[in-house]
Each structure stands twice: as C-alpha cells, then as structure tokens.
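A.B. asks: Below is the structure I would like to discuss, written out as structure tokens.
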Amino acid sequence: MSAAQRFRLNSWGARFGLAVACAWVFTALFAPWLSPHAPDAIDLTRELSPPTSGHPLGTGENGIDVLTHVLYGARVSLEVSFFAVVLSAAVGITLGGIAGYAGGLVDEALMRGVDVLLAFPGILLALFITAVLGPSLANVVFALSFTGWTGYARLTRGQVLTLRERDYVQAARALGSGPGRILARHLLPNAAGPLLVQATFALPGAIVAEASLSFLGLGVPPGTPSWGALVDQGTQYLLVAPHVALFPGIALAVTVLGFNLLGDALRDAMDPRHEGR
Amino acid sequence: MTRRLVSAVIAMVGALLLVSLFLHLVPGDPVDVMLGEQATQVDRAALRQAVGLDLPWYAQLWTFARDLATGELRTSLPPFQRKVLPALGAALPYTLLLTVSAMAVSLVLALPLGVMAAARRGTPVDAAAMGVSVAGVALPRFWLGPVLIILFALKLDWLPVSGAESWRHLVLPAFTLGTALAAFLARMTRATMLEALREDYVTVARAKGLSPGVVLWKHAFRNALLPLVTVLGLEFGALLGGAIVTEKVFAWPGMGTLLLTAIEKRDYNTVRATVLLFTFCYVVVNTLTDLTYAWVDPRVRRRS
C-alpha cells in the first residue's frame with residue numbers, strides 16, 4: 001500500500017486536518033471579500049457589544065467587528081508561518097545536507113551552532129530578536145527562522161548519513177556524479193517524506209509562535225489583526241466583553257489542532273510502524 | 001558524561017556570544033535601538049559610555065561577561081544604574097516555582113490518563129483520553145489563561161485573578177502552563193506503555209498469574225517511565241518559554257515579567273542577563289536529565 005493510499009484511509013483526523021488547512025488558506029486569501037466590515041471601520045455607538053446579526057461575533061474596542069479581525073488574523077498567521085517555514089526549510093535542508101555529506105569539521109561546527117540555538121528555551125530567542133529589531137512581519141519571520149532551521153538541519157543530516165552509503169548513491173558516485181548532484185537528485189528526494197512531516201508540524205508551531213510574540217507585544221506592529229494581538233487587546237475587557245478575547249483564540253486553537261492532526265496522519269502514512277504514537 | 005558537560009559549556013558560551021553581540025550584528029546604531037531615534041545627544045553619549053558602547057566589541061563582550069559573573073552588571077538606563085543581579089535573584093524563584101508546579105500538574109494529569117488509555121486500548125476510554133489530549137496540545141496558553149480567569153476567578157470567584165501572594169495565586173498559572181505538556185505527555189505515556197505491554201516480561205508476569213494492576217504498574221509502567229524522563233527534560237525548555245506568556249497573563253513576578261518590563265524600558269543589560277539566565281536554567285536541566293537517564297538505566301551507564 002502506498003503512502004498516499006494510507007493517508008486517504010486515515011480516519012477522520014486526516015480529513016478534519018485537511019479541511020481546516022484548506023479553510024485557513026481560503027480565509028487568508030479572501031479575507032477582504034469574506035469580511036462583513038472593513039478591518040479599520042470603527043463604530044463608537046456599538047463598542048464592546050455582544051454578538052448581533054450585524055456583528056456575528058460581536059464588537060471590540062471602538063466598535064470594531066470581531067469577525068472581520070478574526071478573518072484578517074488568518075491572513076497574518078498565513079503570511080508569517082508560510083514564509084518562516086519556507087525560509088527555515090531552505091536554510092536547514094541546505095546546511096543539514098552539507099553537514100551530513102561533508103562530515104568532519106564542517107559537520108562538527110554546524111552541529112555545535114545548532115546546539116547553541118537549541119540552548120534557548122521555547123520562543124525566548126525569537127522574542128529577544130524581535131525585541132531588538134522592533135515589531136514587523138518580516139522581523140517575526142526572520143526571528144522564527146533564526147531558530148526554526150535547526151530542526152530541518154538535524155533531520156536532513158540524519159537522513160543523509162543513513163542514505164549516503166546506499167547502493168544507488170554508490171552507483172551514482174561511480175558514474176561520476178558530483179556531491180551537489182548526489183545531494184539534490186539522490187539524497188534529498190529520498191529524505192522528502194520525513195521533511196514534509198517536519199514542515200507540517202512546524203507550520204502550527206510558527207502560527208503559535210507568531211501569535212505568542214504578538215500577544216507579548218513583540219510580534220506584529222500595533223494595529224495589525226494578529227490572533228495573538230487580538231487576544232491581548234481582549235483581555236482588558238474579560239469581564240464586560242469576554243467574546244473579544246475568546247473568538248480569536250478559538251480560531252487559533254482550531255487551526256493548530258487541524259495542522260497537528262494533518263501532521264499525525266501524514267506521519268502515520270509515511271511510516272506505518274509509527275501508528276498510534 | 002564529560003562529552004555531555006563539554007557540549008553544555010560550549011552551548012552556554014555560544015549563547016553568551018550571541019546574546020551579548022546581537023546588537024552589533026544588526027545594522028544601525030545600538031543606541032538608536034535602546035533609546036529610540038529622538039533621544040538627545042547628551043543621553044546618547046551618556047548611554048554609550050555607561051554600556052561601554054565606545055569600546056570595541058571584544059572588550060564589550062569581556063566587560064559584560066565579567067560584570068555578569070561578578071554580579072557587578074548594572075541596568076543600562078543612564079540615570080538609575082542599579083545592579084541587575086538582585087532583580088534576577090528575586091524573579092528566579094517565582095519562575096522556578098511556576099514551572100515546577102506546572103510540571104507536577106502535567107504529570108498528575110498525564111500519567112493516569114496515558115496508562116488508562118494504553119490499558120484499555122481501542123475502547124471509548126482510550127478514544128476520549130486521546131481526543132482530550134489532541135485538543136489540549138492545541139490550546140494556546142495566552143488564551144487558556146484568560147478563559148480560566150473568566151471561569152474560576154470572575155464567574156465562580158474561587159481563585160484570585162492575578163498576583164502571587166499565596167498558593168491560591170499559583171493554581172491557575174500552573175494549570176495554564178501545564179495543560180499543553182499534560183496533553184503531550186498523555187500521548188507519550190500511552191505510546192511507551194503500549195510498547196512496554198508488548199514485551200516478553202509482561203507476558204511472563206501475566207503467565208505467572210500476577211494481577212493486571214501489578215503487571216500494569218509494577219512491570220510495564222516502570223519501564224515505560226524511562227523515555228518519559230528524557231522527554232520531561234526537553235519539555236522543560238518549552239515550559240520556560242511558555243512561562244513568559246503565562247507570567248504576563250497572571251502578572252506573576254517571575255523572570256518573564258522582568259524580561260518584558262526590561263524590553264519595554266529598553267534596558268538591554270537586564271534583557272541580556274535575563275535571557276542568559278533562562279538559557280542557563282534550560283541547559284542545566286537538560287544536562288541533569290541526561291545524567292539522570294544514564295543513572296536510571298544501567299544499559300546507558302555501561303555504554304558511556
């Protein structure tokens with residue numbers, strides 16, 4: 001049975017995850033058309049009102065529409081997490097591939113570098129970087145990628161180390177292929193499965209990290225509708241208008257849940273022995 | 001074991017280099033970053049001298065490292081140059097108390113849940129436990145915290161909203177910080193228990209006629225604990241990172257709150273020292289975990 005077949009059979013988790021992922025991308029792309037109001041529309045007469053027909057998720061500070069901000073929040077999280085994952089993967093796969101293939105001092109130096117970056121707990125280093133650089137989407141992407149590449153580098157290195165002694169790699173070498181061609185054409189395609197799983201789990205990680213940084217006031221610039229920043233604004237009104245903090249958090253939790261389930265399903269499909277872990 | 005200690009030291013030195021020199025790595029004047037661009041020339045010059053920015057980078061690194069080690073490091077705000085160490089010393093116990101409590105909460109929730117799910121594999125109990133844990137991992141702390149505040153502090157009035165005056169103030173932050181780890185550990189426990197339950201010694205124990213409870217807890221669980229030790233050590237880092245968010249939600253006076261206040265005031269010496277203290281805690285715990293693992297498992301001990 002192929003990995004694709006196993007993935008398709010993979011219960012409701014895979015389907016739910018896939019549906020959430022599609023809905024998230026769709027919302028992010030078409031937020032301006034899906035939103036009932038403009039993101040900067042204020043209505044001081046309806047400040048902090050509970051859900052009504054005109055404002056299905058209620059209104060927040062200055063009467064802004066919560067649903068509109070939640071929909072636009074998908075856009076912010078997509079922008080940051082997509083670019084962070086792509087940048088981390090590109091850097092990590094390249095450096096990990098080089099480390100695994102070259103070995104020796106190059107390998108040792110790169111892996112010590114990875115150790116240094118992994119010595120910072122959780123989002124601490126990203127937080128430090130955005131605190132120094134200032135809040136902006138690009139800085140958040142940079143900060144998350146600064147530590148994010150290490151996962152791909154370790155994984156790629158490990159894969160290259162196990163794959164490089166295989167017969168087909170020896171054959172390619174005997175035929176005169178250089179290290180660049182062997183890496184790109186023989187090693188990386190065979191390491192693609194685990195890397196895809198890694199990226200699927202890294203995406204919700206980046207979404208949560210961006211939201212956490214924005215909640216702390218160290219992510220997106222003030223006024224940007226990030227889910228984390230929206231919860232932060234909402235916590236001032238927990239008693240009078242809890243919906244302001246609740247809905248952006250629910251959107252975030254559902255998105256993360258979806259991608260985690262998708263990642264589980266992908267991993268089980270790639271490696272059937274891993275089932276149930 | 002020496003190898004493990006050496007790499008811990010290398011990681012700490014690397015972290016010190018990275019943190020103390022990061023201001024030099026980014027384009028622009030560090031004084032602009034610290035004071036904002038509207039600062040007066042007098043303030044700029046004063047800060048430049050106070051923080052030693054007029055020295056070359058290696059001299060700055062040396063001064064920073066020496067002051068940090070001797071406890072002479074001062075806040076980098078020109079008029080009030082207080083020592084950084086007392087503030088760090090006051091905040092550290094609060095953060096450690098919070099993270100250790102969160103870890104305790106997560107173990108108390110996760111171990112029974114995971115063992116039960118594994119013992120009743122494929123039943124509705126298993127499905128429910130795993131459903132709860134998959135959902136628990138996805139709950140962001142900065143959202144769960146406010147939700148717990150609404151429920152238990154504002155509506156039910158059982159626990160205080162924020163602060164750190166008594167043990168009652170610790171309950172909500174510890175649950176907020178520990179829930180995600182509990183959810184993750186429950187899945188881990190189930191997986192390692194399922195593996196342990198397939199082993200021959202479990203079959204033998206059952207064949208001897210031991211009761212299912214004894215087989216489950218005394219034979220399978222004790223062996224399933226080993227991989228959990230490693231995971232716990234690694235996850236301590238996630239807890240430390242999450243503590244920053246949790247401390248903000250509950251106004252908990254730990255290192256996270258100290259760090260955020262210092263960032264707001266652009267007090268970069270305190271920022272750097274706090275970041276390094278966080279890192280130090282994590283590296284120490286990781287190293288201890290590795291050593292514990294070797295101590296608990298004779299097979300690893302003999303190999304190294």
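Identifiers in this document derive from the order of the structure tokens: chains are assigned A, B, ..., residues are numbered from 1 separately in each chain, and ligands are numbered from 1 in order of occurrence.
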Tell me, as an NGL selection string, which residues lie within 10 Å of range 152-161 of chain A, counting only C-alpha atoms; anything in the same chain fewer than 4 positions away does not count.

C.D. replies: :A and (85 or 88-103 or 107 or 110-111 or 114 or 148 or 165-166 or 183 or 186-188 or 190-192 or 194-196 or 198-199 or 202)

A.B. asks: Against chain B, which residues of chain A fall within 8 Å? For each one I want the closest pair of atoms and the distance in Å (one decimal), counting only C-alpha atoms, rows by chain and increasing residue number, as a tab-separated table.

C.D. replies:
residue	atom	partner	partner_atom	distance
A:Arg112	CA	B:Ala11	CA	7.3
A:Gly113	CA	B:Gly14	CA	7.8
A:Asp115	CA	B:Ala11	CA	5.9
A:Val116	CA	B:Ala11	CA	4.4
A:Leu117	CA	B:Ala15	CA	7.4
A:Ala119	CA	B:Thr279	CA	5.9
A:Phe120	CA	B:Thr279	CA	5.0
A:Pro121	CA	B:Gly237	CA	4.3
A:Gly122	CA	B:Gly241	CA	4.3
A:Ile123	CA	B:Gly241	CA	5.6
A:Leu124	CA	B:Gly241	CA	5.9
A:Leu125	CA	B:Val275	CA	7.9
A:Phe128	CA	B:Val275	CA	7.6
A:Ala131	CA	B:Ile263	CA	6.6
A:Val132	CA	B:Val33	CA	6.8
A:Leu133	CA	B:Val26	CA	7.7
A:Val208	CA	B:Pro140	CA	7.0
A:Ser212	CA	B:Val245	CA	7.1
A:Phe215	CA	B:Phe142	CA	7.3
A:Leu216	CA	B:Val245	CA	7.0
A:Gly228	CA	B:Phe142	CA	7.8
A:Val231	CA	B:Trp143	CA	6.9
A:Asp232	CA	B:Phe142	CA	8.0
A:Thr235	CA	B:Pro146	CA	6.7
A:Leu238	CA	B:Ile150	CA	6.8
A:Leu239	CA	B:Leu154	CA	7.2
A:Pro242	CA	B:Ile150	CA	7.9
A:Ala245	CA	B:Trp143	CA	7.5
A:Leu246	CA	B:Trp143	CA	7.2
A:Gly249	CA	B:Trp143	CA	5.5
A:Leu252	CA	B:Pro140	CA	7.7
A:Ala253	CA	B:Ala138	CA	5.2
A:Val254	CA	B:Ala138	CA	7.4
A:Val256	CA	B:Ala138	CA	5.5
A:Leu257	CA	B:Ala138	CA	5.1
A:Asn260	CA	B:Ala138	CA	7.9
A:Leu261	CA	B:Val134	CA	8.0
A:Gly276	CA	B:Ala191	CA	6.8
A:Arg277	CA	B:Ala191	CA	5.1

A.B. asks: For His243 in chain A, please output as a list in words all residues within 9 Å (counting only C-alpha atoms; exclusion window: fewer than 6 positions along the same chain).

C.D. replies: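 Near neighbours after the sequence-gap exclusion: Leu48, Pro50, Pro51, Leu57, Gly58, Thr59, Gly60, Val66, Gly234 and Tyr237 of chain A.
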
A.B. asks: Mind dumping the selected residues with N, CA and C atoms as a PDB file, in the first residue's frame?

C.D. replies:
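Written file, again29.pdb:
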ATOM      1  N   LEU A  48     -17.879  47.210  22.187  1.00  0.00           N
ATOM      2  CA  LEU A  48     -17.910  46.028  23.061  1.00  0.00           C
ATOM      3  C   LEU A  48     -19.298  45.389  23.166  1.00  0.00           C
ATOM      4  N   PRO A  50     -22.097  42.459  22.533  1.00  0.00           N
ATOM      5  CA  PRO A  50     -22.100  41.012  22.307  1.00  0.00           C
ATOM      6  C   PRO A  50     -22.576  40.713  20.889  1.00  0.00           C
ATOM      7  N   PRO A  51     -22.416  39.456  20.420  1.00  0.00           N
ATOM      8  CA  PRO A  51     -22.802  39.104  19.049  1.00  0.00           C
ATOM      9  C   PRO A  51     -24.227  39.539  18.692  1.00  0.00           C
ATOM     10  N   LEU A  57     -19.861  37.979  15.640  1.00  0.00           N
ATOM     11  CA  LEU A  57     -19.005  37.642  16.787  1.00  0.00           C
ATOM     12  C   LEU A  57     -18.883  38.827  17.738  1.00  0.00           C
ATOM     13  N   GLY A  58     -19.767  39.809  17.584  1.00  0.00           N
ATOM     14  CA  GLY A  58     -19.738  40.963  18.474  1.00  0.00           C
ATOM     15  C   GLY A  58     -18.738  42.012  18.026  1.00  0.00           C
ATOM     16  N   THR A  59     -18.600  43.055  18.844  1.00  0.00           N
ATOM     17  CA  THR A  59     -17.636  44.104  18.522  1.00  0.00           C
ATOM     18  C   THR A  59     -16.659  44.284  19.679  1.00  0.00           C
ATOM     19  N   GLY A  60     -15.512  44.894  19.348  1.00  0.00           N
ATOM     20  CA  GLY A  60     -14.480  45.120  20.360  1.00  0.00           C
ATOM     21  C   GLY A  60     -14.296  46.598  20.612  1.00  0.00           C
ATOM     22  N   VAL A  66     -15.423  41.983  15.399  1.00  0.00           N
ATOM     23  CA  VAL A  66     -14.515  40.909  15.819  1.00  0.00           C
ATOM     24  C   VAL A  66     -14.335  39.874  14.706  1.00  0.00           C
ATOM     25  N   GLY A 234      -8.201  41.926  23.917  1.00  0.00           N
ATOM     26  CA  GLY A 234      -9.437  41.463  24.530  1.00  0.00           C
ATOM     27  C   GLY A 234      -9.328  41.226  26.025  1.00  0.00           C
ATOM     28  N   TYR A 237     -10.940  43.453  28.546  1.00  0.00           N
ATOM     29  CA  TYR A 237     -12.402  43.515  28.674  1.00  0.00           C
ATOM     30  C   TYR A 237     -12.998  42.172  29.062  1.00  0.00           C
TER      31      TYR A 237
END

A.B. asks: One number please: CA of Phe142 in chain A to CA of Ala84 in chain A, in Å, one decimal.

C.D. replies: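 Calculated distance between CA of Phe142 in chain A and CA of Ala84 in chain A is 7.1 Å.
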
A.B. asks: Quick one, how far is CA of Arg164 in chain A from CA of Trp149 in chain A?

C.D. replies: 21.7 Å

A.B. asks: As JSON, numbers by chain, list the residues of range 102-165 of chain B assigned to helix (DSSP H, G or I) by DSSP on the backbone atoms of this structure.

C.D. replies: {"B": [102, 103, 104, 105, 106, 107, 108, 109, 110, 111, 112, 113, 114, 115, 116, 117, 118, 119, 124, 125, 126, 127, 128, 129, 130, 131, 132, 133, 134, 135, 136, 137, 138, 141, 142, 143, 144, 145, 146, 147, 148, 149, 150, 151, 152, 153, 154, 155]}

A.B. asks: For Leu68 in chain B, which of B:Leu92, B:Leu226, B:Leu148, B:Ala273 is the closest residue, counting only C-alpha atoms?

C.D. replies: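 Nearest candidate to Leu68 in chain B out of B:Leu92, B:Leu226, B:Leu148, B:Ala273: B:Ala273.
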
A.B. asks: Need to verify the contact set: range 110-119 of chain B, 12 Å, only C-alpha atoms, exclusion of same-chain residues closer than 2 positions in sequence. Can you return it as a ChimeraX atom specification?

C.D. replies: /A:276-277 /B:102-108,121-133,136,178-198,212-213,215-217,220-222,224-225,228,232

A.B. asks: Those same residues, written as a PDB file, in the first residue's frame with C-alpha atoms?

C.D. replies:
ATOM      1  CA  GLY A 276      -0.666   5.457  17.392  1.00  0.00           C
ATOM      2  CA  ARG A 277       2.232   7.448  18.740  1.00  0.00           C
TER       3      ARG A 277
ATOM      4  CA  ALA B 102       3.235  23.188  36.006  1.00  0.00           C
ATOM      5  CA  MET B 103       5.330  20.061  35.524  1.00  0.00           C
ATOM      6  CA  ALA B 104       3.742  18.476  38.607  1.00  0.00           C
ATOM      7  CA  VAL B 105       0.268  19.364  37.336  1.00  0.00           C
ATOM      8  CA  SER B 106       1.039  17.860  33.935  1.00  0.00           C
ATOM      9  CA  LEU B 107       2.424  14.626  35.406  1.00  0.00           C
ATOM     10  CA  VAL B 108      -0.557  14.198  37.745  1.00  0.00           C
ATOM     11  CA  ARG B 121      -6.607   0.371  24.012  1.00  0.00           C
ATOM     12  CA  GLY B 122      -9.265   0.757  21.346  1.00  0.00           C
ATOM     13  CA  THR B 123     -12.102   1.361  23.806  1.00  0.00           C
ATOM     14  CA  PRO B 124     -14.111   4.591  24.141  1.00  0.00           C
ATOM     15  CA  VAL B 125     -11.961   5.414  27.227  1.00  0.00           C
ATOM     16  CA  ASP B 126      -8.868   5.380  25.029  1.00  0.00           C
ATOM     17  CA  ALA B 127     -10.550   7.452  22.313  1.00  0.00           C
ATOM     18  CA  ALA B 128     -11.795  10.026  24.823  1.00  0.00           C
ATOM     19  CA  ALA B 129      -8.426  10.345  26.559  1.00  0.00           C
ATOM     20  CA  MET B 130      -6.616  10.815  23.264  1.00  0.00           C
ATOM     21  CA  GLY B 131      -9.260  13.233  21.998  1.00  0.00           C
ATOM     22  CA  VAL B 132      -8.787  15.386  25.089  1.00  0.00           C
ATOM     23  CA  SER B 133      -5.028  15.280  24.707  1.00  0.00           C
ATOM     24  CA  GLY B 136      -5.130  20.119  24.847  1.00  0.00           C
ATOM     25  CA  GLY B 178       0.975  22.704  32.430  1.00  0.00           C
ATOM     26  CA  THR B 179      -2.031  21.794  30.271  1.00  0.00           C
ATOM     27  CA  ALA B 180      -0.242  21.595  26.924  1.00  0.00           C
ATOM     28  CA  LEU B 181       2.536  19.488  28.439  1.00  0.00           C
ATOM     29  CA  ALA B 182      -0.028  17.251  30.155  1.00  0.00           C
ATOM     30  CA  ALA B 183      -1.741  16.640  26.829  1.00  0.00           C
ATOM     31  CA  PHE B 184       1.550  15.856  25.120  1.00  0.00           C
ATOM     32  CA  LEU B 185       2.768  13.615  27.960  1.00  0.00           C
ATOM     33  CA  ALA B 186      -0.504  11.658  27.996  1.00  0.00           C
ATOM     34  CA  ARG B 187       0.073  10.665  24.365  1.00  0.00           C
ATOM     35  CA  MET B 188       3.720   9.845  25.065  1.00  0.00           C
ATOM     36  CA  THR B 189       2.792   7.752  28.107  1.00  0.00           C
ATOM     37  CA  ARG B 190       0.191   5.832  26.121  1.00  0.00           C
ATOM     38  CA  ALA B 191       2.676   5.126  23.315  1.00  0.00           C
ATOM     39  CA  THR B 192       5.511   3.961  25.591  1.00  0.00           C
ATOM     40  CA  MET B 193       3.056   1.895  27.669  1.00  0.00           C
ATOM     41  CA  LEU B 194       1.749   0.162  24.548  1.00  0.00           C
ATOM     42  CA  GLU B 195       5.313  -0.719  23.632  1.00  0.00           C
ATOM     43  CA  ALA B 196       6.106  -1.960  27.142  1.00  0.00           C
ATOM     44  CA  LEU B 197       2.911  -4.053  27.262  1.00  0.00           C
ATOM     45  CA  ARG B 198       4.079  -5.956  24.166  1.00  0.00           C
ATOM     46  CA  PRO B 212      -3.478  -6.997  35.963  1.00  0.00           C
ATOM     47  CA  GLY B 213      -2.886  -3.989  38.207  1.00  0.00           C
ATOM     48  CA  VAL B 215       1.539  -6.115  35.765  1.00  0.00           C
ATOM     49  CA  LEU B 216       0.406  -2.701  34.533  1.00  0.00           C
ATOM     50  CA  TRP B 217       2.009  -0.503  37.183  1.00  0.00           C
ATOM     51  CA  ALA B 220       5.044  -2.127  32.300  1.00  0.00           C
ATOM     52  CA  PHE B 221       4.818   1.372  33.809  1.00  0.00           C
ATOM     53  CA  ARG B 222       8.232   1.323  35.449  1.00  0.00           C
ATOM     54  CA  ALA B 224       7.738   2.990  30.229  1.00  0.00           C
ATOM     55  CA  LEU B 225       8.961   5.726  32.582  1.00  0.00           C
ATOM     56  CA  LEU B 228       9.487   9.921  29.687  1.00  0.00           C
ATOM     57  CA  LEU B 232      10.441  15.794  30.525  1.00  0.00           C
TER      58      LEU B 232
END

A.B. asks: For range 88-90 of chain B, list every protein, DNA or RNA residue within 9 Å, evaluated using only C-alpha atoms, and leave out those in the same chain fewer than 6 positions away; present the list as a ChimeraX atom specification.

C.D. replies: /B:253-255,258,270,273-274,277

A.B. asks: Tell me, in Å to one decimal, how far CA of Val197 in chain A is from CA of Arg15 in chain A.

C.D. replies: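 It comes out at 16.2 Å.
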